[in-house]
Amino acid sequence: MKKLILLFTVIFLLSNCKTATKNKKVTGLIAEKAMVVSARKEASKIGSDILQKGGNAYDAMVATHFALAVVYPVAGNIGGGGFMVYRNNDGTKGSLDFREKAPITAHRDMYLDSLGNVIKNKSTLGAHAVGIPGSVAGAVEVYNKFGSLPFNELVQPSIDLARNGFIVTKKQANSLNNATKRFEKVNNFKTLFQKEWKEGDVLKQEELAQTLERIRDFGKNGFYKGKTADLLVNYVTELGGIISHKDLEKYKAIWRKPITFNYKDYTITSMTLPASGGICLAQILKSVEPFNLSEINHNSTKYIQLLTEAERRSYADRANFLGDIDFVKVPMDSLTNKNYINKRMSSFSWKKATPSSEVSHGKILGYESNETTHYSIVDQFGNAVSVTTTLNTGYGSKVLVKGAGFFLNNEMDDFSSKPGVPNVYGLLGSEANSIAPEKRMLSSMTPTIVEQNGKLKMVVGTPGGSTIITSVLQNILNVTEYNMGMQESVNQPRFHHQWLPDIIRMEPNGFTKETKTNLESLGYKIYEKNSLIIGKVDAILVLPNGQLEGGADPRGDDTAVGF
Ligand code: GLY
């Protein structure tokens with residue numbers, strides 16, 4: 001009997017202990033004044049050190065960006081591009097487009113064979129896949145407009161990191177080992193990345209250190225002209241690509257008016273075209289706004305259903321209407337108009353899924369890479385910066401510029417090679433996103449800033465290709481509707497729907513069997529088994545007492561550093 005009582009006592013304590021652990025609120029790093037959250041501790045620390053030296057968020061942006069190019073070569077870059085959304089402490093907001101663009105000699109059918117069929121891998125692997133990089137122009141542009149510390153002090157920590165090396169993590173060793181064969185296939189020399197990597201190895205990149213020195217000393221010209229430009233153009237030409245010196249000299253980052261809209265009593269500012277993030281985020285949140293989410297449980301059948309139907313309609317519009325606004329006319333106001341969105345949602349029923357075959361774009365694009373990266377910064381002066389940057393898929397085109405030590409993007413695949421044919425990740429595109437010389441390819445990047453009552457509330461963004469938009473969406477709703485802290489929000493399992501293919505992608509083991517069965521009985525197709533993680537969200541939340549809480553995604557090696 002005594003034994004039985006003891007057994008019941010142990011079971012009771014264990015079950016209570018489990019409940020307690022389950023209910024314990026997860027909290028990220030809390031900082032009093034300033035914070036950087038990025039894909040790697042080293043990069044976040046370099047950015048945070050710059051802030052501690054008295055630099056502002058823009059100085060930290062430049063320093064963090066170059067540091068990620070060293071310590072996170074899978075997506076951090078100088079051979080890629082990206083977008084930045086900012087909010088200054090006086091409430092002024094803006095955004096910078098440093099997206100890659102098509103070479104001057106690019107043309108609409110450059111990835112098609114003589115029969116008009118898309119040539120496999122031509123837009124994803126090797127020199128033909130490369131768009132003109134925008135990252136260095138972007139960082140220099142940010143510095144010229146807002147920087148406060150000497151430029152060389154912002155680049156030097158990354159030069160040291162490249163020269164002295166850093167410790168390879170387990171996740172990073174796996175990632176590099178998975179890509180080795182493709183490095184070998186694409187390059188005509190043995191790159192320093194071609195070896196069997198293991199956790200704890202030290203990665204030193206002397207050629208990259210020298211490239212960064214040229215950027216440190218000559219700014220934009222250290223990349224787009226002189227030795228770096230020669231190395232880039234010569235190597236791409238050797239591999240059969242079409243990038244010229246003129247392409248590099250002509251590249252400019254562009255300041256653009258971001259998309260700003262209200263969701264309930266929040267003001268949300270996100271990236272405009274050629275990034276589709278802002279428009280799609282506005283469409284989806286406005287589709288959801290009329291529904292009372294306080295009566296719908298987080299990640300329940302109804303919640304997933306509602307978001308899925310809103311996402312389905314928005315991604316159908318994305319595929320048809322969206323492209324580079326410097327080249328195509330996009331009805332942005334109509335697409336984000338409340339009446340238009342309500343009309344789009346009028347076919348939604350709680351009783352059954354709307355098949356994507358019955359949803360076209362309104363009247364008036366598989367999967368992209370998971371290997372983009374995002375960093376969020378808030379400085380001690382109250383300025384906020386949200387940056388998403390990428391090489392497109394992991395290590396981009398896998399072309400490592402000989403003698404210069406950096407990877408080039410494969411962003412050309414974000415164009416629609418042929419209208420109606422999905423890109424490597426399954427996204428469809430139309431004429432609006434077809435290739436033209438110097439045009440920017442459509443992106444899903446969604447660097448975002450949320451305000452409440454005129455005050456900074458949240459800085460958020462993520463990698464994840466087409467799932468970027470829906471990951472940012474879910475984190476905004478986690479915080480604004482479900483009152484979650486930043487780390488708690490980032491840790492939540494995520495799901496995604498993008499019109500076509502007509503499936504709900506779910507992170508494995510994140511959703512209950514009951515929820516999945518309910519969704520299936522309503523006609524939804526669930527894709528979970530081989531689904532990968534969805535996004536790696538790095539975000540900062542301003543707490544009611546003014547402190548900052550970091551949300552660093554445990555799906556990667558992401559880390560918040562602050563003070
Ligand atoms: N390359 C991913 C994106 O820009 O959406």
# chains A, B, ... in the order shown; residues from 1 in each chain; ligands from 1
>>> residues_near_ligand(ligand="ligand 1", cutoff="9 Å", atoms="only C-alpha atoms and all ligand atoms", output="number ranges by chain")
A: 81-82, 99, 274-277, 368-372, 388-393, 409-414, 441-446, 463-468
>>> select_by_dssp(residues="stretch 266-484 of chain A", states="helix (DSSP H, G or I)", output="ChimeraX atom specification")
/A:277-288,293-295,301-321,332-335,338-345,356-358,411-414,431-433,467-480
>>> closest_residue(among="A:Arg182, A:Lys513, A:Arg40, A:Lys145", to="A:Leu96", atoms="only C-alpha atoms")
A:Lys145
>>> atom_distance(atom1="atom CA of A:Phe223", atom2="atom CA of A:Glu153")
17.7 Å
>>> closest_residue(among="A:Val542, A:Val288, A:Ala102, A:Ala384", to="A:Ile341", atoms="only C-alpha atoms")
A:Val288
>>> select_by_dssp(residues="stretch 324-558 of chain A", states="strand (DSSP E)", output="ChimeraX atom specification")
/A:372-378,384-390,448-452,455-460,495-496,504-506,526-527,538-542,548-552
>>> write_last_selection(atoms="C-alpha atoms", output="PDB file, in the first residue's frame")
ATOM      1  CA  THR A 372      17.988  34.116 -46.411  1.00  0.00           C
ATOM      2  CA  THR A 373      18.844  35.841 -43.154  1.00  0.00           C
ATOM      3  CA  HIS A 374      17.337  38.599 -41.062  1.00  0.00           C
ATOM      4  CA  TYR A 375      18.635  40.859 -38.298  1.00  0.00           C
ATOM      5  CA  SER A 376      16.821  43.295 -36.043  1.00  0.00           C
ATOM      6  CA  ILE A 377      18.456  46.196 -34.233  1.00  0.00           C
ATOM      7  CA  VAL A 378      17.259  48.769 -31.689  1.00  0.00           C
ATOM      8  CA  ALA A 384      15.149  50.721 -35.098  1.00  0.00           C
ATOM      9  CA  VAL A 385      16.398  48.805 -38.117  1.00  0.00           C
ATOM     10  CA  SER A 386      14.923  45.694 -39.704  1.00  0.00           C
ATOM     11  CA  VAL A 387      17.071  44.067 -42.421  1.00  0.00           C
ATOM     12  CA  THR A 388      16.521  40.929 -44.484  1.00  0.00           C
ATOM     13  CA  THR A 389      19.340  39.912 -46.818  1.00  0.00           C
ATOM     14  CA  THR A 390      20.086  36.915 -48.963  1.00  0.00           C
ATOM     15  CA  THR A 448       8.879  44.904 -40.662  1.00  0.00           C
ATOM     16  CA  ILE A 449       8.428  47.407 -37.853  1.00  0.00           C
ATOM     17  CA  VAL A 450       5.287  47.557 -35.672  1.00  0.00           C
ATOM     18  CA  GLU A 451       4.210  50.627 -33.698  1.00  0.00           C
ATOM     19  CA  GLN A 452       1.469  51.053 -31.129  1.00  0.00           C
ATOM     20  CA  LYS A 455       5.624  54.217 -30.207  1.00  0.00           C
ATOM     21  CA  LEU A 456       8.000  51.500 -31.366  1.00  0.00           C
ATOM     22  CA  LYS A 457       6.592  48.083 -30.434  1.00  0.00           C
ATOM     23  CA  MET A 458       8.375  45.430 -32.440  1.00  0.00           C
ATOM     24  CA  VAL A 459      11.117  44.877 -35.033  1.00  0.00           C
ATOM     25  CA  VAL A 460      10.672  41.608 -36.906  1.00  0.00           C
ATOM     26  CA  PHE A 495       2.393  26.785 -40.772  1.00  0.00           C
ATOM     27  CA  HIS A 496       2.195  28.165 -44.303  1.00  0.00           C
ATOM     28  CA  ILE A 504      -0.739  23.624 -45.699  1.00  0.00           C
ATOM     29  CA  ARG A 505       2.931  23.206 -44.802  1.00  0.00           C
ATOM     30  CA  MET A 506       3.342  22.540 -41.083  1.00  0.00           C
ATOM     31  CA  ILE A 526      -1.514  18.800 -44.815  1.00  0.00           C
ATOM     32  CA  TYR A 527       2.166  18.515 -45.693  1.00  0.00           C
ATOM     33  CA  ASP A 538      14.947  37.290 -35.237  1.00  0.00           C
ATOM     34  CA  ALA A 539      12.954  40.002 -33.535  1.00  0.00           C
ATOM     35  CA  ILE A 540      12.925  42.584 -30.771  1.00  0.00           C
ATOM     36  CA  LEU A 541       9.922  43.582 -28.639  1.00  0.00           C
ATOM     37  CA  VAL A 542       9.735  46.796 -26.663  1.00  0.00           C
ATOM     38  CA  LEU A 548      13.822  45.244 -24.907  1.00  0.00           C
ATOM     39  CA  GLU A 549      13.134  41.535 -25.231  1.00  0.00           C
ATOM     40  CA  GLY A 550      14.961  39.606 -27.940  1.00  0.00           C
ATOM     41  CA  GLY A 551      13.456  36.702 -29.813  1.00  0.00           C
ATOM     42  CA  ALA A 552      16.309  34.669 -31.334  1.00  0.00           C
TER      43      ALA A 552
END
>>> residues_around(residues="A:Thr272", least_positions_apart="3", cutoff="10 Å", atoms="only C-alpha atoms", output="ChimeraX atom specification")
/A:83,85,95-97,256-260,269,275-280,324-325,332,443,445-447
>>> write_last_selection(atoms="C-alpha atoms", output="compact mmCIF listing (two decimals), in the first residue's frame")
# COMPACT_ATOMS: atom_id res chain seq x y z
CA PHE A 83 16.00 45.26 -47.96
CA VAL A 85 13.05 49.11 -43.14
CA SER A 95 13.19 51.80 -46.47
CA LEU A 96 16.14 50.91 -48.65
CA ASP A 97 16.06 48.52 -51.59
CA ARG A 256 11.75 53.71 -51.32
CA LYS A 257 8.59 54.67 -49.49
CA PRO A 258 7.69 51.63 -47.41
CA ILE A 259 4.18 50.15 -47.16
CA THR A 260 2.51 51.45 -44.01
CA THR A 269 5.54 49.35 -41.79
CA ALA A 275 9.67 42.88 -52.14
CA SER A 276 6.16 41.46 -52.02
CA GLY A 277 6.26 41.19 -48.20
CA GLY A 278 4.58 44.50 -47.36
CA ILE A 279 1.69 44.16 -49.78
CA CYS A 280 0.98 40.52 -48.92
CA ASP A 324 9.50 45.49 -59.98
CA ILE A 325 7.51 48.74 -59.78
CA MET A 332 -0.91 48.61 -55.07
CA SER A 443 11.13 38.98 -53.47
CA MET A 445 11.38 39.50 -47.97
CA THR A 446 9.37 41.23 -45.24
CA PRO A 447 11.53 43.32 -42.89
>>> residues_around(residues="A:Gln205", least_positions_apart="3", cutoff="6 Å", atoms="only C-alpha atoms", output="JSON, numbers by chain")
{"A": [162, 163, 208]}
>>> write_last_selection(atoms="N, CA and C atoms", output="PDB file, in the first residue's frame")
ATOM      1  N   ALA A 162      37.285  37.441 -40.273  1.00  0.00           N
ATOM      2  CA  ALA A 162      37.604  36.631 -41.458  1.00  0.00           C
ATOM      3  C   ALA A 162      39.053  36.150 -41.381  1.00  0.00           C
ATOM      4  N   ARG A 163      39.943  37.027 -40.959  1.00  0.00           N
ATOM      5  CA  ARG A 163      41.382  36.677 -40.950  1.00  0.00           C
ATOM      6  C   ARG A 163      41.724  35.699 -39.815  1.00  0.00           C
ATOM      7  N   LEU A 208      38.655  36.771 -48.300  1.00  0.00           N
ATOM      8  CA  LEU A 208      37.502  37.598 -47.926  1.00  0.00           C
ATOM      9  C   LEU A 208      37.956  38.771 -47.063  1.00  0.00           C
TER      10      LEU A 208
END
>>> closest_residue(among="A:Leu231, A:Ile78, A:Leu335, A:Ala173", to="A:Leu281", atoms="only C-alpha atoms")
A:Leu335
>>> residues_around(residues="A:Gly147", least_positions_apart="6", cutoff="9 Å", atoms="only C-alpha atoms", output="PyMOL selection string")
chain A and resi 55-60+62
>>> closest_residue(among="A:Asn177, A:Ile469, A:Tyr524, A:Met486", to="A:Lys195", atoms="only C-alpha atoms")
A:Asn177
>>> residues_around(residues="A:Glu311", least_positions_apart="5", cutoff="7 Å", atoms="only C-alpha atoms", output="compact mmCIF listing (two decimals) with N, CA, C and O atoms, in the first residue's frame")
# COMPACT_ATOMS: atom_id res chain seq x y z
N ILE A 284 -3.11 40.10 -46.01
CA ILE A 284 -3.51 38.99 -45.13
C ILE A 284 -4.04 39.53 -43.80
O ILE A 284 -5.07 39.09 -43.29
N HIS A 497 0.67 28.58 -46.13
CA HIS A 497 -0.03 28.23 -47.37
C HIS A 497 0.26 29.31 -48.40
O HIS A 497 0.30 30.49 -48.04
N GLN A 498 0.48 28.93 -49.66
CA GLN A 498 0.86 29.93 -50.67
C GLN A 498 0.06 29.80 -51.96
O GLN A 498 0.60 30.01 -53.04
>>> residues_around(residues="A:Ile132", least_positions_apart="3", cutoff="7 Å", atoms="only C-alpha atoms", output="PyMOL selection string")
chain A and resi 100-103+247-248
>>> write_last_selection(atoms="C-alpha atoms", output="PDB file, in the first residue's frame")
ATOM      1  CA  GLU A 100      20.055  42.432 -56.944  1.00  0.00           C
ATOM      2  CA  LYS A 101      19.101  43.254 -60.511  1.00  0.00           C
ATOM      3  CA  ALA A 102      19.336  41.475 -63.850  1.00  0.00           C
ATOM      4  CA  PRO A 103      22.501  42.080 -65.909  1.00  0.00           C
ATOM      5  CA  ASP A 247      26.736  46.227 -64.606  1.00  0.00           C
ATOM      6  CA  LEU A 248      28.694  46.714 -61.408  1.00  0.00           C
TER       7      LEU A 248
END
>>> atom_distance(atom1="atom CA of A:Gly426", atom2="atom CA of A:Leu473")
20.5 Å
>>> closest_residue(among="A:Lys250, A:Ser356, A:Ser48, A:Ser270", to="A:Ala31", atoms="only C-alpha atoms")
A:Ser48
>>> atom_distance(atom1="atom CA of A:Phe193", atom2="atom CA of A:Gly226")
25.5 Å
>>> closest_residue(among="A:Asn187, A:Asn337, A:Thr354, A:Ser294", to="A:Glu309", atoms="only C-alpha atoms")
A:Thr354
